[in-house]
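Reading through the structure tokens given below for one structure.
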Amino acid sequence: MGDTRVQQVIEQSVLTVVKAVEDKLDEEIATLERLDADDLEALRERRLQQLKKTAERKSRWAALGHGEYMDIVEKDFFAAVKASERVVCHFFRENWPCKVMDKHLNILAKQHMETRFLKIHAEKSPFLTEKLKIVVLPTLALIKNAKVDDYVVGFDELGGTDEFSTEELEERLAKAQVIILDGDSSSVQRKAAVKPHQRSVRQSERNGHSSDSEDRIGRGWPWRVRQCQGGRVWAEERQSGHRR
């Protein structure tokens with residue numbers, strides 16, 4: 001008896017939803033039927049203009065290098081960020097954490113034509129690293145209207161691990177409004193959880209200790225900057241458990 005009642009409730013709910021959809025379609029059809037030839041032509045013209053503007057915008061972005069993840073040198077940085085409204089610039093060196101970031105940015109560059117994705121070698125860009133205070137690699141400078149608006153430093157905001165997903169990075173960039181997500185993307189609602197045993201180098205240093213086990217867990221942790229005679233250099237990765 002109980003099962004029969006549940007089945008009836010489910011069937012009634014389905015019928016209600018179907019009826020609502022049918023009513024909506026009927027309303028839209030009726031609206032279209034009321035339109036005369038001039039109205040339809042006006043709608044068609046507006047749609048064509050929208051498509052034309054979208055195509056022109058994408059063409060302009062492509063001409064600027066949008067849609068690709070590009071390596072640039074220091075002297076080209078300012079011209080690049082002035083030419084595009086939104087820029088994500090990865091300060092990197094040849095190490096495992098930066099290669100992980102490269103993989104995700106290469107994917108996002110193709111998905112988000114509205115933003116230019118760049119990478120610049122930190123060691124070969126001393127002026128920029130000093131000016132922008134880049135002290136951890138990888139670091140993403142999030143640039144809007146030719147001004148650095150935000151940073152993603154290392155992996156702390158991406159779950160504290162090099163195993164974060166492209167969607168988690170996409171969510172972080174969307175939060176900074178340096179990329180645009182169409183519709184209600186599931187990635188926007190997905191929150192990157194930091195696992196208790198995964199801690200960053202910065203967190204360990206703040207707590208005043210760093211163990212061998214943390215070294216092994218942190219094979220993908222970012223490189224840090226240290227000062228030495230002759231200026232800024234990039235510290236070598238600690239040997240214990242690190243991936244090359």
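All residue names refer to the structure tokens as shown: chains lettered A, B, ... in order, residues numbered from 1 in each chain, ligands numbered from 1 in order.
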When DSSP is applied to the backbone of this structure, which of range 105-135 of chain A are assigned helix (DSSP H, G or I)? Write them out as a list in words.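 Taking range 105-135 of chain A and keeping helix (DSSP H, G or I) gives Leu105, Asn106, Ile107, Leu108, Ala109, Lys110, Gln111, Pro126, Phe127, Leu128, Thr129, Glu130 and Lys131 of chain A.
For range 30-132 of chain A, the set of residues given strand (DSSP E) by DSSP on the backbone reads Tyr69, Met70, Asp71, Ile72, Arg86, Val87, Val88, Cys89, His90, Phe91, Phe92, Arg116, Phe117, Leu118, Lys119, Ile120 and His121 of chain A.
The shortest atom-to-atom distance to Glu74 in chain A, with only C-alpha atoms taken into account, belongs to A:Glu123 out of A:Asp162, A:Glu94, A:Glu167, A:Glu123.
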Could you give me, as a PDB file with all heavy atoms, in the first residue's frame, the residues within 12 Å of Arg60 in chain A, counting only C-alpha atoms and dropping anything in the same chain fewer than 6 positions from it?
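Output (around02.pdb):
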```pdb
ATOM      1  N   LYS A  53      29.367  40.700 -33.645  1.00  0.00           N
ATOM      2  CA  LYS A  53      30.191  41.309 -32.605  1.00  0.00           C
ATOM      3  C   LYS A  53      31.003  40.260 -31.856  1.00  0.00           C
ATOM      4  O   LYS A  53      32.178  40.487 -31.525  1.00  0.00           O
ATOM      5  CB  LYS A  53      29.298  42.075 -31.618  1.00  0.00           C
ATOM      6  CG  LYS A  53      28.721  43.365 -32.188  1.00  0.00           C
ATOM      7  CD  LYS A  53      27.871  44.089 -31.148  1.00  0.00           C
ATOM      8  CE  LYS A  53      27.300  45.377 -31.717  1.00  0.00           C
ATOM      9  NZ  LYS A  53      26.441  46.082 -30.735  1.00  0.00           N
ATOM     10  N   THR A  54      30.384  39.112 -31.597  1.00  0.00           N
ATOM     11  CA  THR A  54      31.104  38.029 -30.918  1.00  0.00           C
ATOM     12  C   THR A  54      32.270  37.538 -31.765  1.00  0.00           C
ATOM     13  O   THR A  54      33.381  37.326 -31.265  1.00  0.00           O
ATOM     14  CB  THR A  54      30.147  36.858 -30.625  1.00  0.00           C
ATOM     15  OG1 THR A  54      29.102  37.317 -29.755  1.00  0.00           O
ATOM     16  CG2 THR A  54      30.889  35.709 -29.954  1.00  0.00           C
ATOM     17  N   HIS A  66      45.386  35.498 -27.639  1.00  0.00           N
ATOM     18  CA  HIS A  66      44.459  34.774 -26.765  1.00  0.00           C
ATOM     19  C   HIS A  66      44.193  33.388 -27.360  1.00  0.00           C
ATOM     20  O   HIS A  66      44.263  33.186 -28.570  1.00  0.00           O
ATOM     21  CB  HIS A  66      43.136  35.532 -26.645  1.00  0.00           C
ATOM     22  CG  HIS A  66      43.244  36.814 -25.884  1.00  0.00           C
ATOM     23  ND1 HIS A  66      42.352  37.166 -24.897  1.00  0.00           N
ATOM     24  CD2 HIS A  66      44.137  37.827 -25.957  1.00  0.00           C
ATOM     25  CE1 HIS A  66      42.676  38.354 -24.411  1.00  0.00           C
ATOM     26  NE2 HIS A  66      43.764  38.777 -25.045  1.00  0.00           N
ATOM     27  N   GLY A  67      43.868  32.444 -26.474  1.00  0.00           N
ATOM     28  CA  GLY A  67      43.586  31.084 -26.932  1.00  0.00           C
ATOM     29  C   GLY A  67      44.805  30.186 -26.886  1.00  0.00           C
ATOM     30  O   GLY A  67      44.703  28.968 -27.067  1.00  0.00           O
ATOM     31  N   ALA A  83      47.668  45.481 -23.761  1.00  0.00           N
ATOM     32  CA  ALA A  83      46.864  45.172 -24.953  1.00  0.00           C
ATOM     33  C   ALA A  83      45.610  44.370 -24.629  1.00  0.00           C
ATOM     34  O   ALA A  83      44.630  44.407 -25.374  1.00  0.00           O
ATOM     35  CB  ALA A  83      47.710  44.403 -25.968  1.00  0.00           C
ATOM     36  N   SER A  84      45.614  43.636 -23.513  1.00  0.00           N
ATOM     37  CA  SER A  84      44.485  42.765 -23.164  1.00  0.00           C
ATOM     38  C   SER A  84      43.857  43.198 -21.846  1.00  0.00           C
ATOM     39  O   SER A  84      44.566  43.574 -20.902  1.00  0.00           O
ATOM     40  CB  SER A  84      44.943  41.306 -23.070  1.00  0.00           C
ATOM     41  OG  SER A  84      45.442  40.850 -24.310  1.00  0.00           O
ATOM     42  N   GLU A  85      42.545  43.118 -21.787  1.00  0.00           N
ATOM     43  CA  GLU A  85      41.825  43.542 -20.582  1.00  0.00           C
ATOM     44  C   GLU A  85      42.111  42.628 -19.402  1.00  0.00           C
ATOM     45  O   GLU A  85      42.220  43.069 -18.256  1.00  0.00           O
ATOM     46  CB  GLU A  85      40.317  43.567 -20.867  1.00  0.00           C
ATOM     47  CG  GLU A  85      39.476  44.028 -19.695  1.00  0.00           C
ATOM     48  CD  GLU A  85      37.993  44.028 -20.014  1.00  0.00           C
ATOM     49  OE1 GLU A  85      37.640  43.828 -21.205  1.00  0.00           O
ATOM     50  OE2 GLU A  85      37.184  44.225 -19.092  1.00  0.00           O
ATOM     51  N   MET A 113      38.954  32.246 -24.141  1.00  0.00           N
ATOM     52  CA  MET A 113      39.483  33.185 -25.134  1.00  0.00           C
ATOM     53  C   MET A 113      39.483  34.622 -24.630  1.00  0.00           C
ATOM     54  O   MET A 113      40.234  35.473 -25.119  1.00  0.00           O
ATOM     55  CB  MET A 113      38.661  33.108 -26.416  1.00  0.00           C
ATOM     56  CG  MET A 113      39.014  31.978 -27.343  1.00  0.00           C
ATOM     57  SD  MET A 113      40.600  32.223 -28.180  1.00  0.00           S
ATOM     58  CE  MET A 113      40.214  33.601 -29.259  1.00  0.00           C
ATOM     59  N   GLU A 114      38.638  34.921 -23.650  1.00  0.00           N
ATOM     60  CA  GLU A 114      38.518  36.302 -23.177  1.00  0.00           C
ATOM     61  C   GLU A 114      39.745  36.762 -22.392  1.00  0.00           C
ATOM     62  O   GLU A 114      39.893  37.958 -22.106  1.00  0.00           O
ATOM     63  CB  GLU A 114      37.261  36.457 -22.320  1.00  0.00           C
ATOM     64  CG  GLU A 114      37.332  35.841 -20.929  1.00  0.00           C
ATOM     65  CD  GLU A 114      37.066  34.343 -20.880  1.00  0.00           C
ATOM     66  OE1 GLU A 114      36.920  33.735 -21.965  1.00  0.00           O
ATOM     67  OE2 GLU A 114      36.986  33.784 -19.766  1.00  0.00           O
ATOM     68  N   THR A 115      40.607  35.828 -22.020  1.00  0.00           N
ATOM     69  CA  THR A 115      41.769  36.134 -21.179  1.00  0.00           C
ATOM     70  C   THR A 115      43.049  35.696 -21.871  1.00  0.00           C
ATOM     71  O   THR A 115      43.090  34.648 -22.512  1.00  0.00           O
ATOM     72  CB  THR A 115      41.637  35.414 -19.821  1.00  0.00           C
ATOM     73  OG1 THR A 115      40.439  35.850 -19.176  1.00  0.00           O
ATOM     74  CG2 THR A 115      42.823  35.706 -18.911  1.00  0.00           C
ATOM     75  N   ARG A 116      44.103  36.470 -21.736  1.00  0.00           N
ATOM     76  CA  ARG A 116      45.398  36.060 -22.282  1.00  0.00           C
ATOM     77  C   ARG A 116      46.201  35.348 -21.192  1.00  0.00           C
ATOM     78  O   ARG A 116      46.309  35.836 -20.065  1.00  0.00           O
ATOM     79  CB  ARG A 116      46.185  37.256 -22.801  1.00  0.00           C
ATOM     80  CG  ARG A 116      47.413  36.783 -23.585  1.00  0.00           C
ATOM     81  CD  ARG A 116      48.063  37.854 -24.399  1.00  0.00           C
ATOM     82  NE  ARG A 116      49.094  37.259 -25.238  1.00  0.00           N
ATOM     83  CZ  ARG A 116      50.066  37.933 -25.825  1.00  0.00           C
ATOM     84  NH1 ARG A 116      50.116  39.248 -25.693  1.00  0.00           N
ATOM     85  NH2 ARG A 116      50.968  37.322 -26.560  1.00  0.00           N
TER      86      ARG A 116
END
```
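Across A:Thr139, A:Asn95, A:Ser165, A:Thr129, the tightest approach to Leu108 in chain A is made by A:Ser165 when counting only C-alpha atoms.
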What's around Cys98 in chain A at 8 Å? Count only C-alpha atoms, leave out sequence neighbours fewer than 4 positions away in its own chain, and write the answer as a VMD selection string. chain A and resid 92 to 94 102 137 to 138 222
Take the residues from that selection and write them out as a JSON list (two decimals), in the first residue's frame, keeping all heavy atoms.
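And here's result-v8.json as it stands now:
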```
[["chain", "number", "residue", "atom", "x", "y", "z"],
["A", 92, "PHE", "N", 57.61, 31.47, -13.53],
["A", 92, "PHE", "CA", 58.01, 30.07, -13.39],
["A", 92, "PHE", "C", 59.52, 29.90, -13.47],
["A", 92, "PHE", "O", 60.27, 30.82, -13.80],
["A", 92, "PHE", "CB", 57.36, 29.24, -14.50],
["A", 92, "PHE", "CG", 58.06, 29.37, -15.83],
["A", 92, "PHE", "CD1", 58.93, 28.38, -16.28],
["A", 92, "PHE", "CD2", 57.87, 30.49, -16.64],
["A", 92, "PHE", "CE1", 59.59, 28.50, -17.50],
["A", 92, "PHE", "CE2", 58.52, 30.61, -17.87],
["A", 92, "PHE", "CZ", 59.39, 29.62, -18.29],
["A", 93, "ARG", "N", 59.96, 28.70, -13.17],
["A", 93, "ARG", "CA", 61.27, 28.20, -13.55],
["A", 93, "ARG", "C", 61.10, 26.72, -13.87],
["A", 93, "ARG", "O", 60.02, 26.17, -13.71],
["A", 93, "ARG", "CB", 62.32, 28.42, -12.46],
["A", 93, "ARG", "CG", 62.12, 27.63, -11.18],
["A", 93, "ARG", "CD", 63.39, 27.59, -10.36],
["A", 93, "ARG", "NE", 64.43, 26.82, -11.05],
["A", 93, "ARG", "CZ", 65.72, 26.87, -10.73],
["A", 93, "ARG", "NH1", 66.13, 27.68, -9.76],
["A", 93, "ARG", "NH2", 66.60, 26.13, -11.37],
["A", 94, "GLU", "N", 62.15, 26.10, -14.35],
["A", 94, "GLU", "CA", 62.05, 24.70, -14.79],
["A", 94, "GLU", "C", 62.07, 23.76, -13.59],
["A", 94, "GLU", "O", 63.11, 23.20, -13.24],
["A", 94, "GLU", "CB", 63.17, 24.36, -15.77],
["A", 94, "GLU", "CG", 63.14, 25.17, -17.06],
["A", 94, "GLU", "CD", 61.88, 24.93, -17.87],
["A", 94, "GLU", "OE1", 61.28, 23.84, -17.75],
["A", 94, "GLU", "OE2", 61.48, 25.82, -18.64],
["A", 102, "ASP", "N", 51.75, 24.66, -15.50],
["A", 102, "ASP", "CA", 51.73, 24.77, -16.96],
["A", 102, "ASP", "C", 50.61, 23.92, -17.56],
["A", 102, "ASP", "O", 49.90, 24.35, -18.48],
["A", 102, "ASP", "CB", 53.07, 24.32, -17.55],
["A", 102, "ASP", "CG", 54.14, 25.39, -17.45],
["A", 102, "ASP", "OD1", 53.80, 26.57, -17.27],
["A", 102, "ASP", "OD2", 55.33, 25.03, -17.56],
["A", 137, "LEU", "N", 57.65, 30.35, -6.28],
["A", 137, "LEU", "CA", 57.32, 29.82, -7.60],
["A", 137, "LEU", "C", 56.63, 28.48, -7.44],
["A", 137, "LEU", "O", 57.06, 27.65, -6.65],
["A", 137, "LEU", "CB", 58.59, 29.65, -8.45],
["A", 137, "LEU", "CG", 59.37, 30.93, -8.75],
["A", 137, "LEU", "CD1", 60.60, 30.61, -9.59],
["A", 137, "LEU", "CD2", 58.51, 31.97, -9.46],
["A", 138, "PRO", "N", 55.54, 28.24, -8.19],
["A", 138, "PRO", "CA", 54.95, 29.16, -9.16],
["A", 138, "PRO", "C", 54.11, 30.26, -8.50],
["A", 138, "PRO", "O", 53.52, 30.04, -7.45],
["A", 138, "PRO", "CB", 54.06, 28.24, -10.00],
["A", 138, "PRO", "CG", 53.64, 27.16, -9.03],
["A", 138, "PRO", "CD", 54.83, 26.94, -8.15],
["A", 222, "PRO", "N", 56.27, 24.74, -3.82],
["A", 222, "PRO", "CA", 56.93, 25.78, -4.61],
["A", 222, "PRO", "C", 58.37, 26.03, -4.15],
["A", 222, "PRO", "O", 58.74, 25.72, -3.03],
["A", 222, "PRO", "CB", 56.07, 27.02, -4.35],
["A", 222, "PRO", "CG", 54.78, 26.50, -3.84],
["A", 222, "PRO", "CD", 55.09, 25.23, -3.11]]
```
I need the residue nearest Ile143 in chain A from this list: A:Leu118, A:Leu105, A:Leu169, A:Leu25. Use only C-alpha atoms for the distance.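 Of the candidates, the smallest distance to Ile143 in chain A is held by A:Leu118.
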Interatomic distance, CA of Val81 in chain A to CA of Ala146 in chain A (Å, one decimal):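 Going from CA of Val81 in chain A over to CA of Ala146 in chain A, I get 5.2 Å.
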